[in-house]
>>> print(open('run-v9.cif').read())   # mmCIF, C-alpha atoms
data_my_file
loop_
_atom_site.label_atom_id
_atom_site.label_comp_id
_atom_site.auth_asym_id
_atom_site.auth_seq_id
_atom_site.Cartn_x
_atom_site.Cartn_y
_atom_site.Cartn_z
CA MET A 16 -34.76 -6.16 -4.01
CA GLN A 17 -32.11 -5.15 -1.51
CA GLN A 18 -29.74 -2.50 -2.87
CA GLN A 19 -26.08 -3.48 -2.90
CA ASN A 20 -23.58 -1.52 -0.85
CA PRO A 21 -21.65 0.75 -3.30
CA SER A 22 -18.51 0.26 -1.22
CA SER A 23 -18.81 -3.52 -1.61
CA ASN A 24 -19.15 -3.15 -5.37
CA ARG A 25 -16.08 -0.93 -5.50
CA THR A 26 -13.89 -3.29 -3.48
CA LYS A 27 -14.99 -6.59 -5.03
CA TRP A 28 -11.90 -6.87 -7.25
CA PHE A 29 -9.68 -5.43 -4.53
CA THR A 30 -10.41 -8.12 -1.96
CA LYS A 31 -9.50 -10.76 -4.53
CA ALA A 32 -6.27 -9.09 -5.67
CA ARG A 33 -4.72 -9.01 -2.15
CA PHE A 34 -1.25 -7.79 -3.23
CA GLY A 35 -0.22 -4.40 -4.57
CA MET A 36 2.79 -2.16 -5.10
CA PHE A 37 3.11 1.27 -3.49
CA ILE A 38 5.57 3.62 -5.23
CA HIS A 39 6.94 6.70 -3.49
CA TRP A 40 8.79 8.80 -6.06
CA GLY A 41 9.49 12.49 -6.09
CA LEU A 42 12.22 15.09 -5.68
CA TYR A 43 13.21 13.52 -2.34
CA ALA A 44 14.72 10.63 -4.32
CA GLY A 45 17.61 12.97 -5.09
CA ALA A 46 18.27 13.52 -1.39
CA ALA A 47 18.16 9.72 -0.96
CA ARG A 48 17.61 9.95 2.78
CA ASN A 49 13.87 9.81 3.48
CA GLU A 50 10.83 11.30 1.77
CA TRP A 51 10.26 13.54 4.83
CA ILE A 52 13.67 15.21 4.47
CA MET A 53 12.14 18.65 4.00
CA HIS A 54 10.53 18.22 7.42
CA ILE A 55 13.37 16.34 9.12
CA GLU A 56 16.15 18.75 8.10
CA HIS A 57 14.05 21.96 8.18
CA ILE A 58 14.83 22.72 4.52
CA PRO A 59 13.07 25.93 3.40
CA THR A 60 11.03 25.84 0.19
CA GLU A 61 13.47 27.93 -1.83
CA GLU A 62 16.46 25.82 -0.78
CA TYR A 63 14.58 22.58 -1.50
CA GLU A 64 13.75 23.80 -5.00
CA ARG A 65 17.35 24.85 -5.65
CA ARG A 66 18.74 21.46 -4.63
CA TYR A 67 16.21 18.98 -5.90
CA PHE A 68 13.76 20.51 -8.39
CA LYS A 69 16.53 22.13 -10.39
CA HIS A 70 18.56 18.90 -10.62
CA PHE A 71 15.86 16.23 -10.96
CA ASN A 72 16.66 14.22 -14.10
CA PRO A 73 15.35 10.62 -14.16
CA ASP A 74 17.24 9.72 -17.34
CA LEU A 75 16.96 5.94 -16.79
CA TYR A 76 13.22 5.94 -16.11
CA ASP A 77 11.54 3.06 -17.90
CA PRO A 78 8.08 2.36 -16.47
CA GLU A 79 7.88 -0.86 -18.47
CA VAL A 80 10.63 -2.27 -16.22
CA TRP A 81 8.72 -1.19 -13.12
CA ALA A 82 5.47 -2.69 -14.35
CA LYS A 83 7.09 -5.99 -15.28
CA ALA A 84 8.81 -6.21 -11.89
CA ALA A 85 5.46 -5.69 -10.14
CA ALA A 86 3.62 -8.18 -12.35
CA ASP A 87 6.37 -10.78 -12.01
CA ALA A 88 6.21 -10.39 -8.21
CA GLY A 89 2.53 -11.28 -8.35
CA MET A 90 1.15 -7.82 -7.64
CA GLN A 91 -2.32 -7.04 -8.96
CA TYR A 92 -2.45 -3.26 -8.57
CA PHE A 93 -0.19 -0.28 -7.92
CA VAL A 94 -0.50 3.09 -6.19
CA ILE A 95 1.86 5.92 -7.19
CA THR A 96 2.53 9.17 -5.32
CA THR A 97 1.29 11.69 -7.86
CA LYS A 98 2.11 14.39 -5.28
CA HIS A 99 3.75 13.84 -1.90
CA HIS A 100 4.02 16.29 1.01
CA GLU A 101 6.75 18.26 -0.78
CA GLY A 102 4.11 19.47 -3.28
CA PHE A 103 5.93 18.32 -6.42
CA CYS A 104 3.68 16.80 -9.10
CA LEU A 105 4.63 13.95 -11.41
CA TRP A 106 2.07 14.87 -14.06
CA ASP A 107 1.56 17.86 -16.34
CA THR A 108 -0.90 19.64 -14.09
CA LYS A 109 -2.25 23.02 -15.13
CA GLN A 110 -2.51 24.16 -11.50
CA THR A 111 1.21 24.72 -10.74
CA ASP A 112 4.61 25.03 -12.36
CA TYR A 113 6.07 22.75 -9.69
CA LYS A 114 5.82 19.65 -11.86
CA ALA A 115 7.87 17.08 -13.75
CA PRO A 116 7.67 18.73 -17.21
CA ASN A 117 9.48 21.77 -15.77
CA THR A 118 12.42 19.70 -14.51
CA LEU A 119 15.18 18.19 -16.63
CA ALA A 120 12.77 15.29 -17.22
CA LYS A 121 10.81 17.64 -19.52
CA ARG A 122 7.75 15.40 -19.63
CA ASP A 123 4.75 14.01 -17.81
CA LEU A 124 6.10 11.04 -15.84
CA LEU A 125 2.73 9.70 -14.78
CA ARG A 126 1.11 8.91 -18.12
CA PRO A 127 3.71 6.37 -19.36
CA MET A 128 3.65 4.73 -15.93
CA VAL A 129 -0.12 4.29 -16.03
CA ASP A 130 0.06 2.90 -19.57
CA ALA A 131 2.83 0.44 -18.66
CA PHE A 132 1.14 -0.94 -15.56
CA ARG A 133 -2.20 -1.25 -17.34
CA SER A 134 -0.52 -3.16 -20.16
CA HIS A 135 0.62 -5.72 -17.59
CA GLY A 136 -2.90 -6.09 -16.23
CA LEU A 137 -2.51 -4.14 -13.01
CA HIS A 138 -5.20 -1.87 -11.58
CA VAL A 139 -4.23 1.80 -11.30
CA GLY A 140 -4.10 3.74 -8.03
CA PHE A 141 -3.16 7.37 -7.35
CA TYR A 142 -1.81 8.61 -4.03
CA TYR A 143 -2.38 12.32 -3.42
CA SER A 144 -0.98 14.17 -0.41
CA LEU A 145 -3.36 16.50 1.37
CA LEU A 146 -0.32 18.15 2.90
CA ASP A 147 1.66 20.49 0.64
CA TRP A 148 4.73 22.25 1.98
CA HIS A 149 5.21 24.19 -1.26
CA HIS A 150 1.83 25.76 -2.03
CA PRO A 151 1.79 29.46 -1.08
CA MET A 152 -1.80 29.39 0.24
CA ASN A 153 -1.57 26.29 2.42
CA PHE A 154 -1.11 27.28 6.05
CA VAL A 155 2.37 26.72 7.45
CA ASP A 156 2.21 24.21 10.28
CA ASN A 157 3.95 24.53 13.63
CA ARG A 158 4.18 20.72 13.95
CA ILE A 159 4.71 19.27 10.49
CA GLY A 160 6.83 20.62 7.64
CA PRO A 161 10.05 22.54 7.08
CA TYR A 162 9.13 25.47 9.34
CA ARG A 163 8.02 23.51 12.38
CA ALA A 164 9.31 24.69 15.74
CA ILE A 165 10.47 28.11 14.50
CA GLY A 166 8.10 29.77 16.91
CA ASP A 167 4.44 30.71 16.83
CA GLU A 168 5.13 34.37 16.07
CA LYS A 169 7.22 33.62 12.98
CA ILE A 170 4.70 31.07 11.73
CA ALA A 171 1.87 33.56 12.26
CA GLU A 172 3.84 36.09 10.20
CA MET A 173 4.37 33.53 7.40
CA ASN A 174 0.66 32.72 7.37
CA LYS A 175 -0.45 36.31 6.83
CA GLY A 176 -2.30 36.46 3.51
CA ARG A 177 -2.62 32.69 3.17
CA GLU A 178 -6.08 31.38 2.38
CA GLN A 179 -6.63 27.71 3.13
CA ALA A 180 -9.79 27.68 1.02
CA VAL A 181 -7.72 28.60 -2.04
CA TYR A 182 -5.51 25.60 -1.42
CA ALA A 183 -8.54 23.34 -0.89
CA LYS A 184 -9.88 24.44 -4.29
CA TYR A 185 -6.45 23.77 -5.82
CA MET A 186 -6.62 20.21 -4.52
CA ARG A 187 -10.06 19.64 -6.02
CA GLU A 188 -8.84 20.93 -9.37
CA GLN A 189 -5.81 18.65 -9.31
CA VAL A 190 -7.87 15.62 -8.27
CA THR A 191 -10.24 16.42 -11.13
CA GLU A 192 -7.29 16.30 -13.53
CA LEU A 193 -6.14 12.96 -12.18
CA LEU A 194 -9.59 11.39 -12.39
CA THR A 195 -10.41 12.68 -15.89
CA GLN A 196 -7.14 12.56 -17.83
CA TYR A 197 -5.71 9.10 -17.14
CA GLY A 198 -8.55 6.73 -17.90
CA PRO A 199 -10.51 4.93 -15.19
CA VAL A 200 -8.65 5.21 -11.88
CA ASP A 201 -9.28 2.27 -9.56
CA ILE A 202 -7.89 3.63 -6.26
CA LEU A 203 -7.52 7.13 -4.82
CA TRP A 204 -5.26 7.20 -1.77
CA PHE A 205 -5.40 10.50 0.17
CA ASP A 206 -2.79 11.18 2.87
CA PHE A 207 -3.37 12.45 5.63
CA SER A 208 -5.32 14.33 8.37
CA TYR A 209 -4.28 15.39 11.88
CA PRO A 210 -7.24 17.40 13.16
CA ASP A 211 -6.71 17.18 16.91
CA ARG A 212 -6.07 20.93 17.19
CA GLU A 213 -7.70 22.10 13.97
CA HIS A 214 -9.21 25.56 14.17
CA PRO A 215 -10.81 27.38 11.22
CA GLU A 216 -9.03 30.62 12.08
CA ASN A 217 -5.60 29.02 12.40
CA PHE A 218 -4.84 25.87 10.44
CA ALA A 219 -1.26 25.95 11.71
CA LEU A 220 -2.47 24.00 14.74
CA GLY A 221 -3.87 21.00 12.89
CA LYS A 222 -5.50 20.03 9.61
CA GLY A 223 -8.47 17.80 8.94
CA ARG A 224 -11.85 18.00 7.26
CA LEU A 225 -12.08 21.79 7.72
CA ALA A 226 -8.69 22.55 6.18
CA TRP A 227 -9.11 20.14 3.28
CA GLU A 228 -12.82 20.95 2.80
CA SER A 229 -13.16 17.19 2.77
CA GLU A 230 -16.90 17.11 2.08
CA LYS A 231 -16.41 19.08 -1.14
CA LEU A 232 -13.40 16.95 -2.08
CA LEU A 233 -15.39 13.76 -1.50
CA GLU A 234 -18.27 15.12 -3.59
CA THR A 235 -15.84 15.88 -6.41
CA VAL A 236 -14.38 12.36 -6.29
CA ARG A 237 -17.72 10.56 -6.19
CA SER A 238 -19.22 12.69 -8.97
CA LEU A 239 -16.29 12.00 -11.30
CA ALA A 240 -15.45 8.41 -10.33
CA PRO A 241 -18.25 6.75 -8.34
CA TYR A 242 -16.49 3.39 -8.31
CA VAL A 243 -12.99 4.50 -7.39
CA ILE A 244 -11.82 2.93 -4.12
CA LEU A 245 -11.18 5.62 -1.51
CA ASP A 246 -9.04 5.30 1.61
CA ASP A 247 -9.91 6.51 5.11
CA ARG A 248 -7.71 9.57 5.62
CA LEU A 249 -9.98 12.52 4.81
CA ASP A 250 -11.14 12.86 8.44
CA LEU A 251 -14.63 11.83 7.37
CA PRO A 252 -15.45 8.68 9.34
CA GLY A 253 -17.51 6.15 7.44
CA THR A 254 -16.80 7.51 3.97
CA GLY A 255 -13.70 5.49 3.09
CA ASP A 256 -13.87 2.09 1.41
CA VAL A 257 -10.61 0.80 2.88
CA VAL A 258 -8.97 1.02 6.31
CA THR A 259 -5.22 1.59 5.95
CA PRO A 260 -3.01 0.45 8.87
CA GLU A 261 0.51 1.76 8.20
CA GLN A 262 3.76 -0.11 8.94
CA TYR A 263 2.09 -2.86 10.97
CA THR A 264 -0.16 -5.88 10.50
CA PRO A 265 -3.32 -6.02 12.63
CA PRO A 266 -3.45 -8.94 15.08
CA ARG A 267 -6.76 -10.25 13.74
CA VAL A 268 -9.56 -9.62 11.25
CA VAL A 269 -10.29 -5.86 11.36
CA LYS A 270 -13.83 -4.93 12.41
CA ASP A 271 -15.78 -1.72 12.83
CA ARG A 272 -17.37 -0.52 16.07
CA ASP A 273 -20.40 -2.72 15.40
CA GLY A 274 -18.20 -5.81 15.09
CA LYS A 275 -18.56 -6.15 11.33
CA PRO A 276 -15.45 -7.01 9.26
CA VAL A 277 -14.11 -4.15 7.14
CA VAL A 278 -11.94 -4.06 4.03
CA TRP A 279 -8.38 -3.25 5.03
CA GLU A 280 -4.94 -2.93 3.53
CA ALA A 281 -1.61 -2.84 5.34
CA CYS A 282 0.86 -0.47 3.68
CA GLN A 283 4.46 -1.35 4.48
CA THR A 284 8.01 -0.71 3.34
CA PHE A 285 11.03 -2.90 2.64
CA SER A 286 12.83 -0.90 5.30
CA GLY A 287 11.91 2.22 7.28
CA SER A 288 11.65 4.86 4.55
CA TRP A 289 9.07 5.13 1.79
CA GLY A 290 11.21 7.15 -0.59
CA TYR A 291 14.60 5.98 -1.84
CA HIS A 292 17.11 5.85 1.03
CA ARG A 293 20.61 5.05 -0.14
CA ASP A 294 22.14 4.34 3.28
CA GLU A 295 19.31 2.42 4.92
CA TYR A 296 20.34 -1.18 5.58
CA SER A 297 17.56 -2.54 7.77
CA TRP A 298 15.91 -4.18 4.78
CA ARG A 299 13.48 -7.04 5.37
CA PRO A 300 14.27 -10.35 3.65
CA ALA A 301 11.87 -11.61 1.00
CA GLY A 302 10.82 -14.54 3.17
CA GLU A 303 9.64 -12.25 5.94
CA ILE A 304 7.61 -10.21 3.45
CA ILE A 305 6.03 -13.39 2.05
CA ARG A 306 5.02 -14.33 5.59
CA THR A 307 3.57 -10.86 6.08
CA LEU A 308 1.51 -11.23 2.91
CA ILE A 309 0.19 -14.59 4.14
CA ASP A 310 -0.56 -13.05 7.54
CA CYS A 311 -2.55 -10.21 5.95
CA VAL A 312 -4.60 -12.51 3.72
CA SER A 313 -5.26 -14.90 6.62
CA LYS A 314 -6.96 -11.94 8.36
CA ASP A 315 -8.98 -10.79 5.32
CA GLY A 316 -6.50 -8.04 4.43
CA ASN A 317 -4.31 -6.84 1.56
CA LEU A 318 -0.63 -5.94 1.52
CA LEU A 319 0.53 -2.80 -0.29
CA LEU A 320 4.31 -3.14 -0.47
CA ASN A 321 6.34 -0.02 -1.18
CA VAL A 322 9.24 0.60 -3.55
CA GLY A 323 11.16 3.90 -3.59
CA PRO A 324 12.79 4.41 -7.02
CA THR A 325 16.08 6.28 -7.36
CA ALA A 326 16.40 9.81 -8.72
CA ARG A 327 17.52 8.31 -12.05
CA GLY A 328 14.25 6.42 -12.25
CA GLU A 329 15.22 2.86 -11.37
CA PHE A 330 14.27 0.34 -8.69
CA ASP A 331 17.54 -0.30 -6.87
CA ALA A 332 19.11 -3.76 -6.64
CA ARG A 333 17.81 -4.44 -3.14
CA ALA A 334 14.21 -3.92 -4.23
CA MET A 335 14.63 -5.91 -7.44
CA ASP A 336 16.21 -8.86 -5.63
CA ARG A 337 13.34 -9.07 -3.18
CA LEU A 338 10.67 -8.63 -5.83
CA ARG A 339 12.20 -11.49 -7.81
CA ASP A 340 12.25 -13.75 -4.75
CA ILE A 341 8.65 -12.89 -3.89
CA GLY A 342 7.74 -13.60 -7.51
CA LYS A 343 9.35 -17.04 -7.37
CA TRP A 344 7.12 -17.95 -4.45
CA MET A 345 4.00 -16.38 -5.96
CA ARG A 346 4.52 -18.29 -9.22
CA TYR A 347 3.65 -21.51 -7.39
CA HIS A 348 1.52 -20.28 -4.50
CA SER A 349 -0.68 -17.44 -5.75
CA ASP A 350 -3.75 -19.68 -5.51
CA SER A 351 -3.42 -19.38 -1.73
CA ILE A 352 -3.44 -15.56 -2.00
CA TYR A 353 -5.71 -14.40 -4.84
CA GLY A 354 -9.38 -14.66 -3.99
CA CYS A 355 -8.58 -15.86 -0.50
CA GLY A 356 -9.22 -14.55 2.97
CA ALA A 357 -9.66 -15.68 6.53
CA ALA A 358 -10.64 -19.31 7.07
CA PRO A 359 -13.93 -20.15 8.80
CA GLU A 360 -13.53 -19.87 12.56
CA ALA A 361 -13.95 -23.64 12.99
CA PHE A 362 -10.58 -24.16 11.30
CA ILE A 363 -7.94 -23.26 13.86
CA PRO A 364 -4.48 -23.29 12.28
CA PRO A 365 -1.97 -25.73 13.79
CA SER A 366 1.06 -24.40 15.63
CA GLY A 367 3.57 -22.77 13.26
CA CYS A 368 1.01 -22.54 10.45
CA ALA A 369 -1.47 -20.12 8.94
CA TYR A 370 -4.65 -20.74 6.96
CA THR A 371 -6.11 -18.86 4.04
CA TYR A 372 -9.39 -19.87 2.47
CA ASN A 373 -11.08 -19.47 -0.91
CA ALA A 374 -14.82 -19.36 -0.28
CA GLU A 375 -15.68 -19.79 -3.97
CA THR A 376 -13.67 -22.98 -4.50
CA LYS A 377 -14.02 -24.15 -0.87
CA ARG A 378 -10.31 -24.82 -0.66
CA LEU A 379 -8.28 -24.37 2.50
CA TYR A 380 -4.60 -23.46 2.25
CA LEU A 381 -2.24 -24.52 5.00
CA HIS A 382 0.91 -22.38 5.03
CA ILE A 383 3.73 -24.09 6.90
CA LEU A 384 5.68 -21.25 8.48
CA SER A 385 7.82 -23.53 10.65
CA TRP A 386 8.60 -27.01 9.34
CA PRO A 387 7.72 -29.72 11.91
CA TYR A 388 8.92 -33.28 12.26
CA LYS A 389 6.81 -35.78 10.28
CA CYS A 390 3.31 -34.55 11.09
CA ILE A 391 1.08 -31.53 11.43
CA TYR A 392 -1.94 -32.05 13.69
CA ALA A 393 -4.96 -30.14 12.41
CA LYS A 394 -8.14 -29.77 14.45
CA ASN A 395 -11.70 -29.94 13.09
CA LEU A 396 -10.70 -31.49 9.77
CA ALA A 397 -11.56 -35.11 10.51
CA GLY A 398 -13.94 -36.41 7.83
CA LYS A 399 -13.81 -33.12 5.90
CA ILE A 400 -10.82 -33.67 3.60
CA GLU A 401 -11.38 -34.87 0.05
CA TYR A 402 -7.78 -34.50 -1.15
CA MET A 403 -4.53 -32.69 -0.27
CA ARG A 404 -1.46 -31.66 -2.23
CA PHE A 405 1.50 -29.32 -2.13
CA LEU A 406 0.89 -26.25 -4.26
CA HIS A 407 4.43 -25.96 -5.63
CA ASP A 408 4.36 -29.31 -7.47
CA HIS A 409 0.83 -30.71 -6.92
CA SER A 410 2.26 -33.78 -5.20
CA GLU A 411 -0.18 -35.62 -2.95
CA ILE A 412 -0.15 -35.25 0.83
CA CYS A 413 -1.77 -37.95 2.95
CA THR A 414 -3.02 -38.39 6.48
CA GLY A 415 -2.15 -41.17 8.87
CA LEU A 416 -1.81 -42.05 12.55
CA CYS A 417 0.03 -44.87 14.25
CA ASP A 418 -1.53 -46.52 17.31
CA PHE A 419 0.48 -44.37 19.72
CA GLN A 420 -0.50 -41.18 17.91
CA LYS A 421 -4.14 -42.18 17.99
CA ALA A 422 -3.93 -42.43 21.75
CA GLN A 423 -2.53 -38.88 21.99
CA THR A 424 -4.91 -37.09 19.64
CA THR A 425 -8.57 -36.12 19.84
CA PRO A 426 -11.19 -37.56 17.46
CA ASP A 427 -11.45 -34.31 15.51
CA GLU A 428 -7.70 -34.08 14.83
CA VAL A 429 -6.07 -35.11 11.58
CA ALA A 430 -2.39 -35.96 11.26
CA ILE A 431 -1.04 -34.54 8.00
CA VAL A 432 2.03 -36.58 7.09
CA LEU A 433 4.97 -34.61 5.73
CA PRO A 434 8.18 -35.61 3.97
CA SER A 435 11.32 -35.53 6.09
CA VAL A 436 12.92 -32.85 3.94
CA PRO A 437 10.92 -29.65 3.39
CA PRO A 438 10.34 -28.49 -0.19
CA ALA A 439 12.80 -25.96 -1.58
CA VAL A 440 10.32 -23.08 -1.37
CA GLU A 441 10.24 -20.22 1.13
CA VAL A 442 6.90 -21.19 2.67
CA PRO A 443 5.43 -24.58 1.69
CA VAL A 444 1.66 -24.59 1.17
CA ILE A 445 -0.73 -27.53 1.29
CA GLU A 446 -3.93 -27.14 -0.71
CA ILE A 447 -6.81 -28.91 1.06
CA PHE A 448 -9.89 -29.79 -0.99
CA LEU A 449 -12.82 -29.90 1.43
CA LYS A 450 -15.74 -32.25 1.00
#
>>> encode(input="run-v9.cif", output="structure tokens")
Amino acid sequence: MQQQNPSSNRTKWFTKARFGMFIHWGLYAGAARNEWIMHIEHIPTEEYERRYFKHFNPDLYDPEVWAKAAADAGMQYFVITTKHHEGFCLWDTKQTDYKAPNTLAKRDLLRPMVDAFRSHGLHVGFYYSLLDWHHPMNFVDNRIGPYRAIGDEKIAEMNKGREQAVYAKYMREQVTELLTQYGPVDILWFDFSYPDREHPENFALGKGRLAWESEKLLETVRSLAPYVILDDRLDLPGTGDVVTPEQYTPPRVVKDRDGKPVVWEACQTFSGSWGYHRDEYSWRPAGEIIRTLIDCVSKDGNLLLNVGPTARGEFDARAMDRLRDIGKWMRYHSDSIYGCGAAPEAFIPPSGCAYTYNAETKRLYLHILSWPYKCIYAKNLAGKIEYMRFLHDHSEICTGLCDFQKAQTTPDEVAIVLPSVPPAVEVPVIEIFLK
């Protein structure tokens, strides 16, 4: 008997879920102007603590509201930043005092979140930053972090006495806490490596598998949680279960160097920032995000859509409005997303449309991204259609060609006849039952 690929077993549920929520929440929510503010504004560790750690008080935090918003939007899993680059931890870790229970919150903020999302049926994912601009043993970087560009001599002075191996052990201990104290964790999302100039005597020049001791970290993860889905950012090629393109959608099905399709997930924001950004107004409309989700699924990918809660612990109105609108569409059209992926290559989507396909039910979903006049001409469907209907109301859709149309089309083309007025949904979807 051929042994199954462990990675395939781990990602089986993931490739059916297709839609998840990323949550970036930490002390940077108080700054409200980008989660990289410590880096962008060169804020020293002591000053950052004085401003944001001392005053962090998410008094309106109700993870039940977050979980319901995600579930209502049609999301099937979530990934929360347990620790971002700033080094602050949302849970009651025993490895540092730089954690939520020592702020005005006075409690572990992660546990109630995990419980709330699980109660709504969502899979649980933990993001964990490999970078840490707060830990006293992690080498100060001359490219990334609050002390970048202060000069090599000053950085060398700051790094005297630092031991990167101590920090690597700290990470393994924290990851052990996360994987053993919060029930079965479905996803572990490490972020990130930049090893182009990594040198074991000077990790200020770059950090990758040597700085993170990635082999040991991977061994820890797999020994504690063999079926947790792992991303691809440990600088250990071939060990991740999921490829993670950030802030863009690949142009086609993602494949490895041997031409085999891989599991992938696009992580994207509503606007430019991941953390809460009060004054950012370049927010994407819900319709564009719905089209992005369709685009990802049509290429065998997932979409991990980010929300940055406020420092008081709420999703702001802009996020809630869009989540509600996405949820309205998903209420009627989730069959074209869950369990679906790229259509067989023989089915070439018509102009202004996108296909998704459910291999188990053998149903093809035609997403009409741009409403045409009267007909959609679909190739390679002649003689293959058993029945068609709109997803939003299950009303029948028929085919038909007049004599003139017959003269202009090829034998393998089918004319799908549409009503003059498009349905009142963001993206109409036709469900095609194949023979």
>>> residues_around(input="run-v9.cif", residues="Ala226 in chain A", least_positions_apart="4", cutoff="9 Å", atoms="all atoms listed in the file", output="list in words")
Asn153, Phe154, Gln179, Ala180, Tyr182, Ala183, Pro210, Glu213, His214, Pro215, Phe218, Gly221 and Lys222 of chain A
>>> resolve_selection(input="run-v9.cif", expression="the PyMOL selection byres ((chain A and resi 372) around 8)", output="MDAnalysis selection string")
chainID A and resid 313 351 355:359 370:371 373:374 377:380
>>> resolve_selection(input="run-v9.cif", expression="the PyMOL selection byres ((chain A and resi 404) around 9)", output="list in words")
Tyr402, Met403, Phe405, Leu406, His407, Asp408, His409, Ser410, Glu411, Ile412, Cys413, Val444, Ile445, Glu446, Ile447 and Phe448 of chain A
>>> resolve_selection(input="run-v9.cif", expression="the PyMOL selection byres ((chain A and resi 69-78) around 12)", output="VMD selection string")
chain A and resid 38 40 to 46 61 to 68 79 to 85 95 103 105 113 to 135 324 to 331
>>> atom_distance(input="run-v9.cif", atom1="CA of Asp315 in chain A", atom2="CA of Pro265 in chain A")
10.4 Å
>>> build_atoms(input="run-v9.cif", residues="range 345-357 of chain A", atoms="N, CA and C atoms", output="short mmCIF file (atom, residue, chain, number, x, y, z; two decimals), keeping the file's coordinate frame")
data_model
loop_
_atom_site.label_atom_id
_atom_site.label_comp_id
_atom_site.auth_asym_id
_atom_site.auth_seq_id
_atom_site.Cartn_x
_atom_site.Cartn_y
_atom_site.Cartn_z
N MET A 345 5.35 -16.61 -5.45
CA MET A 345 4.00 -16.38 -5.96
C MET A 345 3.71 -17.19 -7.22
N ARG A 346 4.71 -17.49 -8.01
CA ARG A 346 4.52 -18.29 -9.22
C ARG A 346 3.83 -19.62 -8.89
N TYR A 347 4.18 -20.19 -7.77
CA TYR A 347 3.65 -21.51 -7.39
C TYR A 347 2.51 -21.43 -6.37
N HIS A 348 2.42 -20.31 -5.66
CA HIS A 348 1.52 -20.28 -4.50
C HIS A 348 0.45 -19.20 -4.54
N SER A 349 0.29 -18.54 -5.68
CA SER A 349 -0.68 -17.44 -5.75
C SER A 349 -2.11 -17.91 -5.52
N ASP A 350 -2.40 -19.18 -5.77
CA ASP A 350 -3.75 -19.68 -5.51
C ASP A 350 -4.13 -19.55 -4.03
N SER A 351 -3.14 -19.52 -3.16
CA SER A 351 -3.42 -19.38 -1.73
C SER A 351 -3.54 -17.92 -1.31
N ILE A 352 -3.38 -17.00 -2.27
CA ILE A 352 -3.44 -15.56 -2.00
C ILE A 352 -4.62 -14.91 -2.74
N TYR A 353 -4.65 -15.04 -4.05
CA TYR A 353 -5.71 -14.40 -4.84
C TYR A 353 -7.06 -15.02 -4.51
N GLY A 354 -8.03 -14.19 -4.27
CA GLY A 354 -9.38 -14.66 -3.99
C GLY A 354 -9.56 -15.29 -2.63
N CYS A 355 -8.53 -15.22 -1.81
CA CYS A 355 -8.58 -15.86 -0.50
C CYS A 355 -8.74 -14.85 0.62
N GLY A 356 -9.09 -15.37 1.79
CA GLY A 356 -9.22 -14.55 2.97
C GLY A 356 -9.12 -15.41 4.21
N ALA A 357 -9.71 -14.94 5.27
CA ALA A 357 -9.66 -15.68 6.53
C ALA A 357 -10.45 -16.99 6.41
#
